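Note sheet for the following structure.
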Amino acid sequence: MTGYVIRRLGQAVLILFGISLVTFVLLYLVPADPARQIAGRSATAETVENIRNQLGLNLPFYEQYWRYLQALLRGDLGRSYLQKTEVSALIASRLPASLLLMAGAIACELAIGLAMGMLAAVRRGSFLDNSLMIAAFVGVSAPQFVIGILLLYVFAVQLGWFPIGGYGTFHHLVLPSLTLGLLGSGWYARMMRSSMLDVLRQDYIRTAHAKGLRGRKVLFRHALPNAILPIIAMIGIDIGMFMSGIVVVESVFGWPGIGQLAWQAIQRIDIPIIMGVTLVSACAIVLGNLLADLVAPLIDPRIKLR
Amino acid sequence: MSAIIAPDAGAGPRRPVRAASVLQRLLRRPPAVFGLLVIVLTVLAAVFAPLVTPYDPGEQFFEGLTLEGAPLPPNGQFLFGTDLLGRDLLSRLVYGAQTSLVIGVVANGVAVLIGALVGITAGYFRGLVGAVLMRFTDLMMSFPALLLAIVLAAIFKPSLWIVAMVIAMVNWVQVARVLYTETRSLAEREFIQAERSLGAGPGLILWRHVLPHLLSTIVVWATLGISTTVLLEATLSFLGIGVQPPTPSWGNIIFENQTYFASAPWLVFIPGAAIILLALAFNFVGDALRDILDPTQQGRGN
């Protein structure tokens with residue numbers, strides 16, 4: 001187990017190194033000139049050249065990357081070109097909002113997805129089952145910006161139950177979480193249905209019925225725990241989905257998280273911020289996947305780590 | 001289509017699936033029928049766009065706006081209403097279908113091609129090449145896909161083809177993973193080893209004996225992937241870095257009109273419904289194909 005964790009962490013470091021390299025190469029190719037951006041349009045060629053030297057933009061590619069890596073190892077993500085702030089400070093100030101949003105999304109996708117899946121499994125083959133599975137398909141086929149705007153239109157504009165956007169109270173959290181979580185709830189509904197059907201087919205469930213337990217008790221006390229655990233173990237994998245989703249959801253709802261930070265930085269080609277957010281997201285994804293792999297054998301002893 | 005699904009007869013132990021029987025079995029599933037219907041209608045509308053659209057998609061109608069300059073809701077003259085510039089939404093939607101389908105097919109075709117090349121090469125040859133390819137695939141899997149696509153789209157000046165390539169660059173990864181696993185286990189089967197001991201070269205074995213067995217997986221992923229591609233294109237265009245106006249795309253129609261969604265909701269929800277319908281259609285067909293072609297292969301959620 002310890003060996004496995006160490007090996008996986010080693011792989012994670014390699015992956016992050018690779019991601020920093022790929023992102024750096026991509027952004028190195030950006031045709032925009034950061035020095036000109038910082039200096040402004042009216043600056044002289046000399047000023048621009050000075051800034052370029054200061055930032056090391058005249059150095060050859062490998063030297064620039066080497067400098068970046070060295071700073072990275074000290075935990076220094078660089079400074080934003082336009083806001084003149086430390087990137088790590090910017091990300092740290094935005095991260096709590098994004099984490100809150102993701103926590104809300106996990107709550108939504110589990111609540112909706114698991115309930116749908118369980119209902120479908122219990123009423124297997126019925127009209128309800130078919131409708132729920134079609135609904136799950138619609139959930140995974142709907143772009144998040146459409147869902148977001150639809151929820152805004154119905155619950156904020158028409159009904160006025162929730163604010164149109166912004167951040168601060170529980171009321172602000174509901175619609176963005178629902179938007180971010182709906183995609184996942186479609187997947188969870190399908191997984192929960194098949195997991196539940198697997199469990200319901202097993203002998204110990206038949207035994208429980210045979211010894212005269214009521215259906216509801218068999219379902220909730222005997223079947224549910226076994227059906228739900230392998231699904232809970234997969235939450236870590238959702239982080240990749242969330243990291244993509246927050247860019248859109250935060251922009252639709254004006255949610256001040258790292259997705260919005262990244263989107264603004266991309267529009268202004270503020271390279272240090274783009275690099276920073278990409279690395280932080282990749283870290284989260286790698287950790288999420290590792291977590292999912294580590295939790296699985298704790299839940300199901302038949303799974304062995306290799 | 002028939003040439004794609006029907007592998008060389010007698011190529012291996014699994015009986016080849018004939019395209020005609022696949023279609024027959026597809027038609028027995030209501031969701032798949034619905035999906036096929038939507039796809040066929042969308043393709044027909046896109047191909048015959050100049051014939052089926054009532055107006056030119058770029059024409060700004062004087063009577064397409066109210067006296068105050070607001071867009072018109074759906075009415076007798078403009079079936080889906082007009083947009084902020086007084087253009088006919090229905091005509092723009094039909095031309096937008098061209099964009100979605102072209103990107104869906106091209107981007108996903110390229111993604112499947114790259115994925116197949118990487119996955120099959122890594123799975124059959126293994127060794128150093130395989131290890132390097134698969135580590136690279138793992139790396140790409142840890143990239144936040146949308147963020148990567150946005151960065152790529154922002155770097156290159158977005159045009160239809162650039163958007164398609166950006167999406168392909170992001171979407172090949174899963175195909176590579178799946179085909180890698182399948183090729184690996186195929187390469188160890190007796191009939192492949194027999195071929196090898198008979199002296200067949202890797203090119204012949206891969207083409208004649210491995211590829212036919214992967215075709216059903218490829219067909220399934222090619223179908224499901226179009227749905228992902230349509231969604232990704234819509235999302236990029238919605239952010240304003242996908243297909244650029246005046247070329248209509250379902251995503252950029254919403255992008256252009258989103259600020260007025262409270263007063264002109266049809267400008268967001270009609271194109272939104274079109275995106276959902278098309279993505280749903282490909283998901284239905286892809287899912288049914290997976291059940292029919294390969295009952296042993298289970299996707300996430302099956």
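A note on labels: chains of the structure tokens are A, B, ... as shown, every chain counts residues from 1, and ligands are counted from 1 in their shown order.
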Exercise: B:Leu160 partners within 10 Å, only C-alpha atoms, chain neighbours under 2 positions left out, as a list in words: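 Counting only the stated atoms, we get Thr99, Ser100, Val102, Ile103, Pro158, Ile162, Val163, Ala164, Met165, Glu233, Gly242, Val243, Gln244, Thr247 and Ser249 of chain B.
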Write to file, as a PDB file, in the first residue's frame, the residues of the selection just made, with N, CA and C atoms.
```pdb
ATOM      1  N   THR B  99     -22.510  24.021 -39.542  1.00  0.00           N
ATOM      2  CA  THR B  99     -21.320  24.189 -38.717  1.00  0.00           C
ATOM      3  C   THR B  99     -21.168  23.047 -37.720  1.00  0.00           C
ATOM      4  N   SER B 100     -22.235  22.773 -36.981  1.00  0.00           N
ATOM      5  CA  SER B 100     -22.161  21.733 -35.957  1.00  0.00           C
ATOM      6  C   SER B 100     -21.789  20.391 -36.558  1.00  0.00           C
ATOM      7  N   VAL B 102     -20.348  19.684 -39.569  1.00  0.00           N
ATOM      8  CA  VAL B 102     -19.012  19.642 -40.152  1.00  0.00           C
ATOM      9  C   VAL B 102     -17.969  19.478 -39.054  1.00  0.00           C
ATOM     10  N   ILE B 103     -18.083  20.306 -38.009  1.00  0.00           N
ATOM     11  CA  ILE B 103     -17.113  20.204 -36.918  1.00  0.00           C
ATOM     12  C   ILE B 103     -17.249  18.862 -36.215  1.00  0.00           C
ATOM     13  N   PRO B 158      -9.447  31.839 -34.245  1.00  0.00           N
ATOM     14  CA  PRO B 158     -10.424  30.790 -34.483  1.00  0.00           C
ATOM     15  C   PRO B 158     -11.081  30.879 -35.864  1.00  0.00           C
ATOM     16  N   ILE B 162      -9.824  25.534 -37.522  1.00  0.00           N
ATOM     17  CA  ILE B 162      -9.009  25.597 -36.306  1.00  0.00           C
ATOM     18  C   ILE B 162      -9.802  25.047 -35.119  1.00  0.00           C
ATOM     19  N   VAL B 163     -11.074  25.462 -35.037  1.00  0.00           N
ATOM     20  CA  VAL B 163     -11.904  24.965 -33.939  1.00  0.00           C
ATOM     21  C   VAL B 163     -11.995  23.441 -33.994  1.00  0.00           C
ATOM     22  N   ALA B 164     -12.178  22.912 -35.212  1.00  0.00           N
ATOM     23  CA  ALA B 164     -12.252  21.459 -35.353  1.00  0.00           C
ATOM     24  C   ALA B 164     -10.958  20.803 -34.869  1.00  0.00           C
ATOM     25  N   MET B 165      -9.807  21.376 -35.250  1.00  0.00           N
ATOM     26  CA  MET B 165      -8.534  20.776 -34.845  1.00  0.00           C
ATOM     27  C   MET B 165      -8.324  20.869 -33.329  1.00  0.00           C
ATOM     28  N   GLU B 233     -17.902  22.320 -29.238  1.00  0.00           N
ATOM     29  CA  GLU B 233     -17.949  23.418 -30.214  1.00  0.00           C
ATOM     30  C   GLU B 233     -18.921  24.491 -29.729  1.00  0.00           C
ATOM     31  N   GLY B 242     -14.991  30.303 -30.432  1.00  0.00           N
ATOM     32  CA  GLY B 242     -15.199  29.200 -31.360  1.00  0.00           C
ATOM     33  C   GLY B 242     -15.384  29.740 -32.760  1.00  0.00           C
ATOM     34  N   VAL B 243     -16.430  29.236 -33.419  1.00  0.00           N
ATOM     35  CA  VAL B 243     -16.741  29.705 -34.758  1.00  0.00           C
ATOM     36  C   VAL B 243     -17.150  31.176 -34.685  1.00  0.00           C
ATOM     37  N   GLN B 244     -16.562  32.001 -35.545  1.00  0.00           N
ATOM     38  CA  GLN B 244     -16.776  33.440 -35.444  1.00  0.00           C
ATOM     39  C   GLN B 244     -17.941  33.919 -36.300  1.00  0.00           C
ATOM     40  N   THR B 247     -20.469  33.703 -39.601  1.00  0.00           N
ATOM     41  CA  THR B 247     -20.838  32.302 -39.793  1.00  0.00           C
ATOM     42  C   THR B 247     -21.707  31.863 -38.620  1.00  0.00           C
ATOM     43  N   SER B 249     -23.327  29.594 -35.831  1.00  0.00           N
ATOM     44  CA  SER B 249     -23.206  28.288 -35.182  1.00  0.00           C
ATOM     45  C   SER B 249     -24.138  28.353 -33.985  1.00  0.00           C
TER      46      SER B 249
END
```
Selection near B:Phe125, 9 Å with only C-alpha atoms, sequence-local residues under 5 positions removed, as number ranges by chain: B: 120, 130, 184, 202
Print the selection's residues with N, CA and C atoms to a file, as a PDB file, in the first residue's frame.
```pdb
ATOM      1  N   ILE B 120      -3.474   1.847 -30.844  1.00  0.00           N
ATOM      2  CA  ILE B 120      -3.126   0.571 -31.461  1.00  0.00           C
ATOM      3  C   ILE B 120      -1.610   0.382 -31.490  1.00  0.00           C
ATOM      4  N   GLY B 130       5.502   2.221 -26.839  1.00  0.00           N
ATOM      5  CA  GLY B 130       4.209   2.095 -26.183  1.00  0.00           C
ATOM      6  C   GLY B 130       4.181   2.859 -24.871  1.00  0.00           C
ATOM      7  N   ARG B 184      -4.015  -4.553 -26.699  1.00  0.00           N
ATOM      8  CA  ARG B 184      -3.109  -5.318 -25.858  1.00  0.00           C
ATOM      9  C   ARG B 184      -3.604  -6.732 -25.637  1.00  0.00           C
ATOM     10  N   PRO B 202       3.960  -7.085 -38.990  1.00  0.00           N
ATOM     11  CA  PRO B 202       3.035  -6.332 -38.142  1.00  0.00           C
ATOM     12  C   PRO B 202       1.997  -5.542 -38.949  1.00  0.00           C
TER      13      PRO B 202
END
```
For stretch 41-44 of chain B, list every protein, DNA or RNA residue within 7 Å, evaluated using only C-alpha atoms, and leave out those in the same chain fewer than 4 positions away; present the list as a count of residues only. 3
Provide as a PyMOL selection string the residues of chain B at most 9 Å from chain A, counting only C-alpha atoms. chain B and resi 31+135-136+138-148+150-152+154-156+227-228+231-232+234-235+238-239+254+258+261-262+265+268-269+272-273+275-281+283-284+300-302
Could you please write out, as a ChimeraX atom specification, every residue of stretch 192-302 of chain A that DSSP assigns to helix (DSSP H, G or I)? /A:192-200,203-210,215-232,235-253,258-268,271-299
For A:Asp129, please output as a list in words all residues within 12 Å (counting only C-alpha atoms; exclusion window: fewer than 2 positions along the same chain). Ala115, Met116, Gly117, Met118, Leu119, Ala120, Ala121, Val122, Arg123, Arg124, Gly125, Ser126, Phe127, Ser131, Leu132, Met133, Ile134, Ala135, Ala136, Ala189, Arg190, Arg193 and Ser194 of chain A
For the atom pair atom CA of B:Thr259 and atom CA of B:Leu101, what is the interatomic distance in Å to one decimal place?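 We find that atom CA of B:Thr259 and atom CA of B:Leu101 lie 26.4 Å from each other.
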